[in-house]
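Okay, so here's the structure we're looking at.
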Amino acid sequence: MRASDAALIERIVAKDEAALAVLYDRYAGMVCSMLNRILRDKQAAEEILQDIFYQLWRTAGRFDSSRGSLAGWLIVIGRNRAISLLRRHNPSQGEELLENTVVLPSNLEGRLAQEQSFRRVESALAALPREQRAAVELAYFEGMTHSEIARRTGDPLGTVKTRLRSAMESLKRNLQMETR
Amino acid sequence: MSGHPTREEDFDLYALGALEGEEKETIESHVAGCAACSRKLAEAHGRIAMLALGAPRVEPSQSVRERLMSSLHPTVDDRTVKLPPAEPEQAGGFFGRWWAAVLAPAAVVLALAAFFLWTENSRLDRQLTELRAKVQEQQKQLDYARNVAHLMEAKDTISVSLAPMPGMPNGAVKVMYNEKMGMLMYDGWIEPPPEDKSYQLWVVPMEGNPISVGVFNPATSDSAHWLTKIPEGVPAKAFAITLEPAGGAAAPSGPQVLAGPAS
């Protein structure tokens with residue numbers, strides 16, 4: 001029977017290496033894909049991947065499974081590290097999130113659940129108008145703020161803000177609707 | 001504390017990292033003191049985290065997993081304990097002697113452990129060197145076999161049996177030669193030469209002087225097969241093995257032991 005993330009975290013706190021290996025096998029592909037998309041450099045992506053799983057090994061005792069999702073934590077920490085590397089600034093936000101929580105709208109612990117979520121996100125992104133999707137990808141995968149996106153695309157700041165807000169509304173609606 | 005954000009999407013935009021300046025600070029200062037909005041922000045982080053699944057899929061290399069798992073164990077250097085410098089005994093009095101009594105065996109144990117790890121490391125280094133040498137040797141054998149196969153498969157490779165000359169050491173040698181590839185293979189045996197002498201194999205070209213292919217001595221080498229490269233594009237008229245001073249000669253100077261025409 002598949003062990004839950006929470007049970008595996010408890011075993012990691014007790015320094016059970018096999019538990020870390022199970023979690024790595026469960027989430028490494030998903031996290032590595034995101035890191036590689038941000039950095040466009042597989043070697044750099046793999047270094048961060050190894051680093052965040054090692055951080056999990058060292059600090060698992062500080063993770064409260066009842067308050068948030070491990071998969072969400074790995075994604076948020078990984079994204080912060082990758083964008084910090086991309087933009088060459090200190091990943092302070094990622095470290096602060098150690099005590100914060102990330103509540104995913106979907107459970108990603110099983111391979112089937114991950115596959116379903118992949119498809120759900122793909123279809124939610126595909127449903128966005130082209131400019132909205134481009135703005136979301138610049139913000140998420142390149143770490144750009146409203147004004148940086150406006151500079152990059154040459155669009156007025158107000159237009160960019162409206163696009164991103166509309167995109168957030170659509171994504172929230174589509175992702176949550178399909179998880180019900 | 002400022003009021004609740006008026007629009008729910010503000011949490012998503014904050015989690016996305018799109019907000020800046022006053023908009024960003026407003027959310028941060030409010031969430032710090034509002035449990036309900038802190039929860040909303042956690043959910044927004046979760047929704048935004050799902051965007052990671054929109055990335056093209058890339059599997060990490062197997063070596064990452066291996067490096068991760070091996071990094072969980074401290075290295076030899078991490079385990080090496082640096083002992084503090086010894087202090088004069090009178091400074092510690094009774095307690096100093098007591099600590100010394102405890103630390104001395106510990107230091108001995110550590111020294112033994114360090115010695116054990118050092119010898120183990122040396123042993124592994126030696127094994128690694130041996131394995132590298134084996135791999136190199138196998139690579140050489142593989143290259144040899146590949147070249148032999150190429151030589152034998154080529155349609156323009158000629159095969160010549162060399163006949164022993166009267167009164168000379170007996171032998172049976174076959175030569176395979178491909179002029180385009182500039183490659184020659186020796187296969188056979190000859191009785192050992194007299195002391196201080198070697199055999200030398202020559203390609204006798206259609207024009208020009210004989211070209212030395214190799215110097216060998218069956219008494220000191222057990223190789224009955226060898227492959228060698230010579231300049232490409234030399235049409236051969238004949239092949240000959242001569243008896244030469246040990247180490248060979250620049251041009252044939254001794255009697256022919258075995259020889260055969262190329263056609």
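All residue names refer to the structure tokens as shown: chains lettered A, B, ... in order, residues numbered from 1 in each chain, ligands numbered from 1 in order.
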Might you pull out every residue within 10 Å of Gly254 in chain B, with only C-alpha atoms counted and same-chain residues fewer than 2 positions away left off, and present them as a list in words?
->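 Final neighbour list, sorted by chain and number: Lys197, Tyr199, Gln200, Ile241, Thr242, Leu243, Glu244, Pro245, Ala249, Ala251, Pro252, Gln256 and Val257 of chain B.
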Based on the selection just made, write N, CA and C atoms of those residues as a short mmCIF file (atom, residue, chain, number, x, y, z; two decimals), in the first residue's frame.
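Below is the file result17.cif, written as the result:
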```
data_model
loop_
_atom_site.label_atom_id
_atom_site.label_comp_id
_atom_site.auth_asym_id
_atom_site.auth_seq_id
_atom_site.Cartn_x
_atom_site.Cartn_y
_atom_site.Cartn_z
N LYS B 197 69.29 -11.66 -32.56
CA LYS B 197 68.68 -11.39 -33.86
C LYS B 197 67.16 -11.21 -33.69
N TYR B 199 63.32 -10.88 -36.22
CA TYR B 199 62.73 -10.95 -37.55
C TYR B 199 62.14 -9.58 -37.86
N GLN B 200 62.12 -9.25 -39.16
CA GLN B 200 61.53 -7.99 -39.58
C GLN B 200 60.67 -8.25 -40.81
N ILE B 241 60.00 -11.67 -44.84
CA ILE B 241 60.49 -11.58 -43.47
C ILE B 241 61.98 -11.86 -43.53
N THR B 242 62.78 -10.94 -42.97
CA THR B 242 64.23 -11.11 -43.00
C THR B 242 64.76 -11.27 -41.59
N LEU B 243 65.94 -11.83 -41.50
CA LEU B 243 66.62 -11.98 -40.21
C LEU B 243 67.54 -10.77 -40.05
N GLU B 244 67.32 -9.98 -39.00
CA GLU B 244 68.04 -8.72 -38.82
C GLU B 244 68.63 -8.64 -37.40
N PRO B 245 69.53 -7.69 -37.18
CA PRO B 245 70.04 -7.51 -35.81
C PRO B 245 68.86 -7.20 -34.86
N ALA B 249 66.34 -3.18 -38.67
CA ALA B 249 67.25 -2.38 -39.50
C ALA B 249 66.43 -1.41 -40.34
N ALA B 251 66.84 -0.84 -43.50
CA ALA B 251 66.58 -1.48 -44.79
C ALA B 251 66.97 -2.94 -44.66
N PRO B 252 66.37 -3.82 -45.47
CA PRO B 252 66.70 -5.24 -45.34
C PRO B 252 68.20 -5.46 -45.51
N GLN B 256 66.52 -13.58 -46.33
CA GLN B 256 65.07 -13.77 -46.25
C GLN B 256 64.76 -15.09 -45.57
N VAL B 257 63.82 -15.07 -44.66
CA VAL B 257 63.43 -16.29 -43.93
C VAL B 257 62.14 -16.85 -44.55
#
```
Show which residues sit within 12 Å of Lys42 in chain A, as a PDB file with C-alpha atoms, in the first residue's frame. Count only C-alpha atoms, and ignore same-chain residues fewer than 3 positions away.
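Saved the output as part-v3.pdb:
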```pdb
ATOM      1  CA  GLY A  29       9.982  14.338 -12.231  1.00  0.00           C
ATOM      2  CA  VAL A  31       9.664  19.368  -9.849  1.00  0.00           C
ATOM      3  CA  CYS A  32      12.500  18.818 -12.324  1.00  0.00           C
ATOM      4  CA  SER A  33      10.167  19.619 -15.242  1.00  0.00           C
ATOM      5  CA  MET A  34       9.271  22.959 -13.679  1.00  0.00           C
ATOM      6  CA  LEU A  35      12.889  23.800 -12.826  1.00  0.00           C
ATOM      7  CA  ASN A  36      14.025  22.919 -16.325  1.00  0.00           C
ATOM      8  CA  ARG A  37      11.289  25.091 -17.847  1.00  0.00           C
ATOM      9  CA  ILE A  38      12.383  28.055 -15.747  1.00  0.00           C
ATOM     10  CA  LEU A  39      16.130  27.652 -16.185  1.00  0.00           C
ATOM     11  CA  ALA A  45      17.702  22.231 -12.657  1.00  0.00           C
ATOM     12  CA  GLU A  46      19.083  18.976 -11.290  1.00  0.00           C
ATOM     13  CA  GLU A  47      21.349  20.792  -8.852  1.00  0.00           C
ATOM     14  CA  ILE A  48      18.397  22.661  -7.371  1.00  0.00           C
ATOM     15  CA  LEU A  49      16.337  19.474  -7.352  1.00  0.00           C
ATOM     16  CA  ALA A  82      15.185  28.696  -9.793  1.00  0.00           C
TER      17      ALA A  82
ATOM     18  CA  ARG B  57       7.991  16.969 -18.739  1.00  0.00           C
ATOM     19  CA  VAL B  58      11.656  16.262 -18.101  1.00  0.00           C
ATOM     20  CA  GLU B  59      12.873  13.350 -15.992  1.00  0.00           C
ATOM     21  CA  PRO B  60      15.987  13.974 -13.898  1.00  0.00           C
ATOM     22  CA  SER B  61      19.081  11.859 -14.528  1.00  0.00           C
ATOM     23  CA  VAL B  64      20.821  12.978  -9.192  1.00  0.00           C
TER      24      VAL B  64
END
```
Using only C-alpha atoms, which chain B residues lie at most 7 Å away from chain A, written as a list in words?
->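 The contacting residues on chain B are Glu9, Asp12, Leu16, Gly17, Ala18, Leu19, Glu20, Ala42, Glu43, His45, Gly46, Arg47, Ala49, Met50, Leu51, Ala52, Leu53, Gly54, Ala55, Pro56, Arg57, Val58, Glu59, Pro60, Val64 and Leu68 of chain B.
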Only N, CA and C atoms, please: the residues just picked out, written as a short mmCIF file (atom, residue, chain, number, x, y, z; two decimals), in the first residue's frame.
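Writing done, so here's result-v7.cif:
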```
data_model
loop_
_atom_site.label_atom_id
_atom_site.label_comp_id
_atom_site.auth_asym_id
_atom_site.auth_seq_id
_atom_site.Cartn_x
_atom_site.Cartn_y
_atom_site.Cartn_z
N GLU B 9 -8.49 37.81 -6.31
CA GLU B 9 -7.38 37.52 -7.22
C GLU B 9 -6.07 38.15 -6.74
N ASP B 12 -3.81 35.57 -5.53
CA ASP B 12 -3.19 34.80 -6.62
C ASP B 12 -2.08 35.61 -7.29
N LEU B 16 1.73 34.64 -7.45
CA LEU B 16 2.37 34.56 -8.77
C LEU B 16 3.64 35.39 -8.82
N GLY B 17 3.72 36.38 -7.93
CA GLY B 17 4.91 37.25 -7.92
C GLY B 17 4.76 38.45 -8.83
N ALA B 18 3.51 38.70 -9.28
CA ALA B 18 3.31 39.79 -10.24
C ALA B 18 3.18 41.15 -9.55
N LEU B 19 2.76 41.13 -8.28
CA LEU B 19 2.57 42.41 -7.60
C LEU B 19 3.92 43.02 -7.22
N GLU B 20 3.92 44.31 -7.08
CA GLU B 20 5.16 45.00 -6.68
C GLU B 20 4.79 46.27 -5.92
N ALA B 42 -2.44 30.87 1.41
CA ALA B 42 -1.92 29.50 1.29
C ALA B 42 -2.62 28.77 0.14
N GLU B 43 -3.93 29.00 0.01
CA GLU B 43 -4.67 28.37 -1.08
C GLU B 43 -4.24 28.95 -2.43
N HIS B 45 -1.27 30.18 -3.11
CA HIS B 45 0.04 29.57 -3.39
C HIS B 45 -0.16 28.19 -4.02
N GLY B 46 -1.13 27.45 -3.49
CA GLY B 46 -1.41 26.11 -4.02
C GLY B 46 -1.90 26.17 -5.46
N ARG B 47 -2.84 27.09 -5.74
CA ARG B 47 -3.36 27.21 -7.11
C ARG B 47 -2.23 27.58 -8.08
N ALA B 49 0.93 27.11 -7.62
CA ALA B 49 1.91 26.01 -7.71
C ALA B 49 1.48 25.00 -8.77
N MET B 50 0.17 24.87 -8.97
CA MET B 50 -0.31 23.92 -9.97
C MET B 50 0.17 24.28 -11.38
N LEU B 51 0.51 25.56 -11.59
CA LEU B 51 1.00 25.97 -12.92
C LEU B 51 2.29 25.24 -13.28
N ALA B 52 3.01 24.77 -12.24
CA ALA B 52 4.25 24.02 -12.51
C ALA B 52 3.96 22.82 -13.41
N LEU B 53 2.75 22.29 -13.30
CA LEU B 53 2.40 21.11 -14.09
C LEU B 53 2.20 21.45 -15.57
N GLY B 54 2.26 22.74 -15.89
CA GLY B 54 2.16 23.15 -17.29
C GLY B 54 3.50 23.10 -18.01
N ALA B 55 4.57 22.74 -17.28
CA ALA B 55 5.91 22.68 -17.90
C ALA B 55 6.07 21.38 -18.68
N PRO B 56 6.79 21.42 -19.81
CA PRO B 56 7.07 20.16 -20.53
C PRO B 56 7.80 19.19 -19.61
N ARG B 57 7.44 17.93 -19.71
CA ARG B 57 7.99 16.97 -18.74
C ARG B 57 9.43 16.60 -19.04
N VAL B 58 10.24 16.63 -18.00
CA VAL B 58 11.66 16.26 -18.10
C VAL B 58 11.99 15.41 -16.88
N GLU B 59 12.48 14.22 -17.11
CA GLU B 59 12.87 13.35 -15.99
C GLU B 59 14.31 13.65 -15.58
N PRO B 60 14.60 13.73 -14.31
CA PRO B 60 15.99 13.97 -13.90
C PRO B 60 16.86 12.75 -14.17
N VAL B 64 21.26 12.01 -10.20
CA VAL B 64 20.82 12.98 -9.19
C VAL B 64 20.35 12.23 -7.95
N LEU B 68 22.02 12.40 -4.32
CA LEU B 68 21.20 12.80 -3.16
C LEU B 68 21.35 11.78 -2.03
#
```
Please, what distance in Å, to one decimal, runs between CA of Asp156 in chain B and CA of Asn178 in chain B?
->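 Pair CA of Asp156 in chain B / CA of Asn178 in chain B returns 6.4 Å.
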Mind checking DSSP for range 11-120 of chain A and telling me the alpha helix (DSSP H) residues as a PyMOL selection string?
-> chain A and resi 11-13+17-39+42-59+70-87+92-96+111-120
Could you pull out all residues of range 14-262 of chain B with a DSSP call of strand (DSSP E or B) and give them as a VMD selection string?
-> chain B and resid 158 to 164 171 to 178 183 to 190 197 to 205 211 to 216 225 to 229 236 to 245 256 to 261
